[in-house]
>>> print(open('upload_10.txt').read())   # compact mmCIF, C-alpha atoms
# COMPACT_ATOMS: atom_id res chain seq x y z
CA MET C 1 132.81 99.49 68.67
CA PHE C 2 132.47 97.37 65.54
CA GLU C 3 133.82 99.02 62.37
CA THR C 4 133.41 98.01 58.75
CA ASP C 5 133.38 99.47 55.26
CA LEU C 6 129.99 99.35 53.58
CA ARG C 7 130.07 99.21 49.80
CA LEU C 8 127.17 101.23 48.37
CA THR C 9 125.35 100.38 45.14
CA ASN C 10 127.04 103.31 43.41
CA GLY C 11 130.47 101.77 44.14
CA ARG C 12 131.46 104.19 46.91
CA ALA C 13 132.26 102.94 50.40
CA LEU C 14 131.35 104.37 53.79
CA HIS C 15 133.24 103.54 56.97
CA VAL C 16 130.50 102.49 59.42
CA TYR C 17 130.56 102.16 63.23
CA ASP C 18 128.11 100.10 65.31
CA SER C 19 128.30 99.83 69.10
CA ALA C 20 126.07 96.74 69.40
CA PRO C 21 125.68 94.83 66.12
CA CYS C 22 122.65 92.54 66.04
CA ASP C 23 121.31 93.83 69.38
CA ASP C 24 117.68 94.45 68.46
CA GLY C 25 116.78 95.16 72.08
CA ARG C 26 118.48 98.55 71.95
CA LEU C 27 117.16 101.67 70.26
CA ALA C 28 119.40 102.45 67.31
CA VAL C 29 120.52 106.09 67.21
CA VAL C 30 122.28 107.17 64.02
CA THR C 31 124.68 110.04 64.74
CA LEU C 32 125.79 112.54 62.11
CA GLY C 33 128.60 114.80 63.24
CA VAL C 34 127.79 114.31 66.94
CA PRO C 35 130.78 112.92 68.91
CA ILE C 36 129.60 110.08 71.12
CA ASP C 37 132.76 109.60 73.20
CA GLY C 38 131.23 111.28 76.26
CA LEU C 39 127.84 109.65 75.70
CA TYR C 40 128.67 105.96 76.11
CA GLU C 41 127.56 105.80 79.74
CA ALA C 42 124.25 107.54 79.03
CA GLY C 43 123.80 105.31 76.00
CA GLU C 44 124.25 102.23 78.15
CA TRP C 45 121.66 103.13 80.78
CA LEU C 46 119.23 104.30 78.09
CA GLY C 47 119.73 101.11 76.08
CA ILE C 48 121.06 102.84 72.96
CA ARG C 49 122.86 101.24 70.05
CA TRP C 50 125.11 103.80 68.35
CA ILE C 51 125.41 103.67 64.57
CA SER C 52 127.40 106.23 62.60
CA CYS C 53 129.56 106.62 59.53
CA ASP C 54 132.34 108.91 58.43
CA LEU C 55 130.50 111.85 56.95
CA LEU C 56 131.72 112.90 53.57
CA SER C 57 130.46 115.94 51.71
CA THR C 58 128.84 113.47 49.31
CA THR C 59 126.96 111.41 51.94
CA THR C 60 123.25 111.33 51.12
CA ALA C 61 120.03 110.29 52.84
CA ALA C 62 119.98 107.21 50.56
CA ASP C 63 123.48 106.31 51.82
CA LEU C 64 122.26 106.47 55.43
CA ALA C 65 119.24 104.33 54.54
CA ALA C 66 121.71 101.75 53.20
CA VAL C 67 123.69 101.94 56.46
CA VAL C 68 120.68 101.16 58.65
CA ASP C 69 119.50 98.48 56.21
CA ALA C 70 122.91 96.80 56.37
CA ALA C 71 122.76 96.97 60.18
CA GLY C 72 119.39 95.17 60.10
CA VAL C 73 117.61 98.06 61.81
CA ASP C 74 113.92 98.76 61.28
CA GLY C 75 113.13 101.72 63.54
CA PHE C 76 115.76 104.25 64.61
CA ALA C 77 116.38 107.81 65.75
CA LEU C 78 118.71 110.38 64.20
CA MET C 79 120.99 112.97 65.82
CA GLY C 80 122.86 115.49 63.70
CA HIS C 81 125.00 118.58 64.21
CA ALA C 82 125.14 121.44 61.67
CA GLU C 83 125.16 119.85 58.17
CA GLY C 84 124.54 116.54 59.95
CA GLY C 85 121.28 118.02 61.25
CA ALA C 86 120.10 118.85 57.75
CA LEU C 87 121.14 115.35 56.62
CA ALA C 88 119.18 113.86 59.54
CA LEU C 89 116.08 115.76 58.40
CA ARG C 90 116.55 114.69 54.77
CA THR C 91 116.97 111.08 55.91
CA ALA C 92 113.81 111.27 58.05
CA ALA C 93 111.91 112.52 54.99
CA LEU C 94 113.31 109.73 52.79
CA VAL C 95 112.74 106.73 55.05
CA GLY C 96 109.48 107.95 56.59
CA ASP C 97 107.91 105.87 59.32
CA ARG C 98 111.15 104.00 60.16
CA VAL C 99 112.42 107.17 61.88
CA GLU C 100 111.05 107.40 65.42
CA ALA C 101 112.61 110.74 66.42
CA VAL C 102 115.13 113.33 65.20
CA VAL C 103 117.43 115.65 67.14
CA THR C 104 119.33 118.48 65.49
CA PHE C 105 122.03 120.67 67.02
CA ALA C 106 122.65 124.01 65.28
CA SER C 107 121.23 122.63 62.06
CA THR C 108 121.74 124.14 58.67
CA LEU C 109 118.65 124.28 56.47
CA PRO C 110 117.47 121.52 54.13
CA ALA C 111 115.06 122.15 51.27
CA GLU C 112 111.68 123.23 52.64
CA PHE C 113 109.61 120.72 50.68
CA ILE C 114 111.15 117.71 52.46
CA LEU C 115 110.03 118.93 55.87
CA THR C 116 106.38 118.17 55.17
CA ALA C 117 107.32 114.49 54.72
CA ILE C 118 108.61 114.17 58.31
CA ASP C 119 106.06 112.70 60.73
CA ALA C 120 108.48 111.97 63.58
CA PRO C 121 108.95 114.30 66.57
CA VAL C 122 111.94 116.61 66.06
CA LEU C 123 113.98 118.31 68.80
CA LEU C 124 115.66 121.45 67.42
CA THR C 125 118.49 122.37 69.82
CA HIS C 126 120.31 125.62 69.16
CA GLY C 127 122.57 128.01 71.02
CA LEU C 128 121.59 131.66 70.78
CA ALA C 129 125.30 132.60 70.78
CA ASP C 130 125.89 130.57 67.58
CA ARG C 131 127.71 132.72 65.02
CA VAL C 132 128.15 129.87 62.49
CA SER C 133 124.60 128.60 62.03
CA PRO C 134 122.09 131.27 63.06
CA PRO C 135 119.43 130.33 65.63
CA THR C 136 116.83 131.57 63.16
CA ASN C 137 117.44 128.29 61.31
CA SER C 138 115.83 126.33 64.14
CA HIS C 139 113.01 128.86 64.44
CA TRP C 140 112.32 128.50 60.70
CA LEU C 141 112.41 124.69 60.92
CA ALA C 142 110.02 124.73 63.89
CA THR C 143 107.40 126.56 61.83
CA ARG C 144 107.56 123.96 59.05
CA LEU C 145 107.68 120.65 60.91
CA SER C 146 104.60 118.82 62.15
CA LEU C 147 105.99 117.80 65.59
CA PRO C 148 108.77 120.24 66.57
CA THR C 149 110.21 121.00 69.99
CA LEU C 150 112.40 124.10 70.04
CA ASP C 151 115.20 123.94 72.64
CA LEU C 152 117.16 127.22 72.81
CA HIS C 153 120.13 128.00 75.07
CA PRO C 154 121.27 131.64 75.44
CA ALA C 155 124.90 131.04 76.48
CA LEU C 156 125.75 128.22 74.05
CA ASP C 157 127.43 128.55 70.66
CA HIS C 158 127.88 126.32 67.60
CA THR C 159 130.16 123.82 69.34
CA SER C 160 129.14 124.11 73.00
CA ILE C 161 125.54 123.23 72.05
CA LEU C 162 126.76 119.63 71.88
CA THR C 163 126.84 119.66 75.70
CA ARG C 164 123.05 119.22 75.35
CA ALA C 165 123.49 115.79 73.74
CA GLU C 166 122.82 113.76 76.89
CA PRO C 167 119.50 115.51 77.66
CA ALA C 168 118.65 115.06 73.97
CA LEU C 169 119.13 111.30 74.38
CA GLU C 170 116.64 111.33 77.23
CA TRP C 171 114.24 113.26 74.97
CA ILE C 172 114.68 110.57 72.30
CA ARG C 173 113.94 107.84 74.84
CA ASP C 174 110.78 109.72 75.95
CA HIS C 175 109.59 110.13 72.35
CA THR C 176 110.19 106.65 70.98
CA GLY C 177 108.35 103.33 71.30
>>> encode(input="upload_10.txt", output="C-alpha cells")
Amino acid sequence: MFETDLRLTNGRALHVYDSAPCDDGRLAVVTLGVPIDGLYEAGEWLGIRWISCDLLSTTTAADLAAVVDAAGVDGFALMGHAEGGALALRTAALVGDRVEAVVTFASTLPAEFILTAIDAPVLLTHGLADRVSPPTNSHWLATRLSLPTLDLHPALDHTSILTRAEPALEWIRDHTG
C-alpha cells in the first residue's frame, strides 16, 4: 500500500493510501470508513484499486475530489460507512459523471438537495438491528435517489453490516463499465 500526504489548496493535508498507483486497468474504489484489510483478496480478483484517506471531521467532498485527481483517476466508485456514506453521496453529487457507483453501509443523511444530482447507481446496505444509524435512513435515501438498490439485513447492526462489503464489491463490479 502506497502512502503519502496530499497538500490541499486550503493548506491542510490528508494522509492518502493507494493500493495500485498508476494502474489504470483497475477500477478505483474510494473507501470512506470501510476497513479494507479483509477485502484485499476480493479486490485482487475483482481488479480493484483501493484509494482512501484518513477521515477527519473536516474532510469534504472537494477534498476527496482532490484525492482522486492527484491519483490520476477519471472514473471511480465510492464505498462509505456511517458518516463516510453521507460523504460518499456528497462526493458523488459534486463530481457527477466521474462516479460510476456508490455503496453506503448504515449511512447517515446528507442534505436532500444533493441527492438529485447523483446519476450513478447506489447500493444502500443497512442492518435492521442498527441502533446507531436507523434503517429508516436508507429507506429515506432510496426514495430520493434516481438509481437506488436497498439491501437490508435483519440480524446485522451498525458494525456487523460491514460483513456485507465483499458482496457490495461484486455489486460495484456488476454496475460499472
>>> closest_residue(input="upload_10.txt", among="C:Leu27, C:Cys53, C:Ala101, C:Ala106", to="Leu156 of chain C", atoms="all atoms listed in the file")
C:Ala106
>>> closest_residue(input="upload_10.txt", among="C:Val67, C:Leu78, C:Leu94, C:Val103", to="Val122 of chain C", atoms="all atoms listed in the file")
C:Val103
>>> atom_distance(input="upload_10.txt", atom1="atom CA of Thr159 of chain C", atom2="atom CA of Thr136 of chain C")
16.6 Å
>>> closest_residue(input="upload_10.txt", among="C:Thr163, C:Thr104, C:Asn10, C:Thr58", to="Pro135 of chain C", atoms="all atoms listed in the file")
C:Thr104
>>> closest_atom_pairs(input="upload_10.txt", of="segment 113-149 of chain C", to="segment 174-177 of chain C", cutoff="12 Å", atoms="all atoms listed in the file", output="CSV")
residue,atom,partner,partner_atom,distance
C:Ala120,CA,C:His175,CA,9.0
C:Pro121,CA,C:His175,CA,7.2
C:Val122,CA,C:His175,CA,9.3
C:Leu123,CA,C:His175,CA,9.9
C:Leu147,CA,C:His175,CA,10.8
C:Pro148,CA,C:His175,CA,11.7
C:Thr149,CA,C:His175,CA,11.1
>>> build_atoms(input="upload_10.txt", residues="segment 131-156 of chain C", atoms="N, CA and C atoms", output="mmCIF file, in the frame of the given file")
data_model
loop_
_atom_site.group_PDB
_atom_site.id
_atom_site.type_symbol
_atom_site.label_atom_id
_atom_site.label_comp_id
_atom_site.auth_asym_id
_atom_site.auth_seq_id
_atom_site.Cartn_x
_atom_site.Cartn_y
_atom_site.Cartn_z
ATOM 1 N N ARG C 131 127.370 131.774 66.082
ATOM 2 C CA ARG C 131 127.710 132.720 65.020
ATOM 3 C C ARG C 131 128.007 132.001 63.698
ATOM 4 N N VAL C 132 127.899 130.657 63.693
ATOM 5 C CA VAL C 132 128.150 129.870 62.490
ATOM 6 C C VAL C 132 126.834 129.529 61.790
ATOM 7 N N SER C 133 125.925 128.963 62.540
ATOM 8 C CA SER C 133 124.600 128.600 62.030
ATOM 9 C C SER C 133 123.585 129.397 62.848
ATOM 10 N N PRO C 134 122.936 130.379 62.261
ATOM 11 C CA PRO C 134 122.090 131.270 63.060
ATOM 12 C C PRO C 134 120.914 130.546 63.709
ATOM 13 N N PRO C 135 120.565 130.934 64.935
ATOM 14 C CA PRO C 135 119.430 130.330 65.630
ATOM 15 C C PRO C 135 118.115 130.472 64.859
ATOM 16 N N THR C 136 118.048 131.426 63.967
ATOM 17 C CA THR C 136 116.830 131.570 63.160
ATOM 18 C C THR C 136 116.584 130.324 62.311
ATOM 19 N N ASN C 137 117.636 129.547 62.033
ATOM 20 C CA ASN C 137 117.440 128.290 61.310
ATOM 21 C C ASN C 137 116.467 127.375 62.058
ATOM 22 N N SER C 138 116.702 127.209 63.355
ATOM 23 C CA SER C 138 115.830 126.330 64.140
ATOM 24 C C SER C 138 114.434 126.910 64.285
ATOM 25 N N HIS C 139 114.334 128.229 64.407
ATOM 26 C CA HIS C 139 113.010 128.860 64.440
ATOM 27 C C HIS C 139 112.257 128.576 63.137
ATOM 28 N N TRP C 140 112.925 128.742 62.008
ATOM 29 C CA TRP C 140 112.320 128.500 60.700
ATOM 30 C C TRP C 140 111.878 127.048 60.568
ATOM 31 N N LEU C 141 112.748 126.116 60.969
ATOM 32 C CA LEU C 141 112.410 124.690 60.920
ATOM 33 C C LEU C 141 111.189 124.384 61.780
ATOM 34 N N ALA C 142 111.132 124.988 62.961
ATOM 35 C CA ALA C 142 110.020 124.730 63.890
ATOM 36 C C ALA C 142 108.677 125.123 63.282
ATOM 37 N N THR C 143 108.671 126.126 62.432
ATOM 38 C CA THR C 143 107.400 126.560 61.830
ATOM 39 C C THR C 143 106.979 125.679 60.655
ATOM 40 N N ARG C 144 107.850 124.783 60.222
ATOM 41 C CA ARG C 144 107.560 123.960 59.050
ATOM 42 C C ARG C 144 107.449 122.465 59.328
ATOM 43 N N LEU C 145 107.757 122.060 60.535
ATOM 44 C CA LEU C 145 107.680 120.650 60.910
ATOM 45 C C LEU C 145 106.362 120.375 61.632
ATOM 46 N N SER C 146 105.881 119.136 61.525
ATOM 47 C CA SER C 146 104.600 118.820 62.150
ATOM 48 C C SER C 146 104.696 118.591 63.660
ATOM 49 N N LEU C 147 105.842 118.084 64.156
ATOM 50 C CA LEU C 147 105.990 117.800 65.590
ATOM 51 C C LEU C 147 107.311 118.346 66.141
ATOM 52 N N PRO C 148 107.494 119.678 66.097
ATOM 53 C CA PRO C 148 108.770 120.240 66.570
ATOM 54 C C PRO C 148 108.771 120.549 68.063
ATOM 55 N N THR C 149 109.957 120.469 68.656
ATOM 56 C CA THR C 149 110.210 121.000 69.990
ATOM 57 C C THR C 149 111.440 121.879 69.849
ATOM 58 N N LEU C 150 111.305 123.151 70.163
ATOM 59 C CA LEU C 150 112.400 124.100 70.040
ATOM 60 C C LEU C 150 113.100 124.213 71.397
ATOM 61 N N ASP C 151 114.413 123.970 71.414
ATOM 62 C CA ASP C 151 115.200 123.940 72.640
ATOM 63 C C ASP C 151 116.366 124.922 72.486
ATOM 64 N N LEU C 152 116.182 126.147 72.989
ATOM 65 C CA LEU C 152 117.160 127.220 72.810
ATOM 66 C C LEU C 152 117.943 127.470 74.093
ATOM 67 N N HIS C 153 119.237 127.792 73.923
ATOM 68 C CA HIS C 153 120.130 128.000 75.070
ATOM 69 C C HIS C 153 120.934 129.278 74.860
ATOM 70 N N PRO C 154 120.659 130.325 75.653
ATOM 71 C CA PRO C 154 121.270 131.640 75.440
ATOM 72 C C PRO C 154 122.791 131.670 75.454
ATOM 73 N N ALA C 155 123.444 130.921 76.322
ATOM 74 C CA ALA C 155 124.900 131.040 76.480
ATOM 75 C C ALA C 155 125.702 130.086 75.592
ATOM 76 N N LEU C 156 125.028 129.234 74.818
ATOM 77 C CA LEU C 156 125.750 128.220 74.050
ATOM 78 C C LEU C 156 125.958 128.657 72.601
#
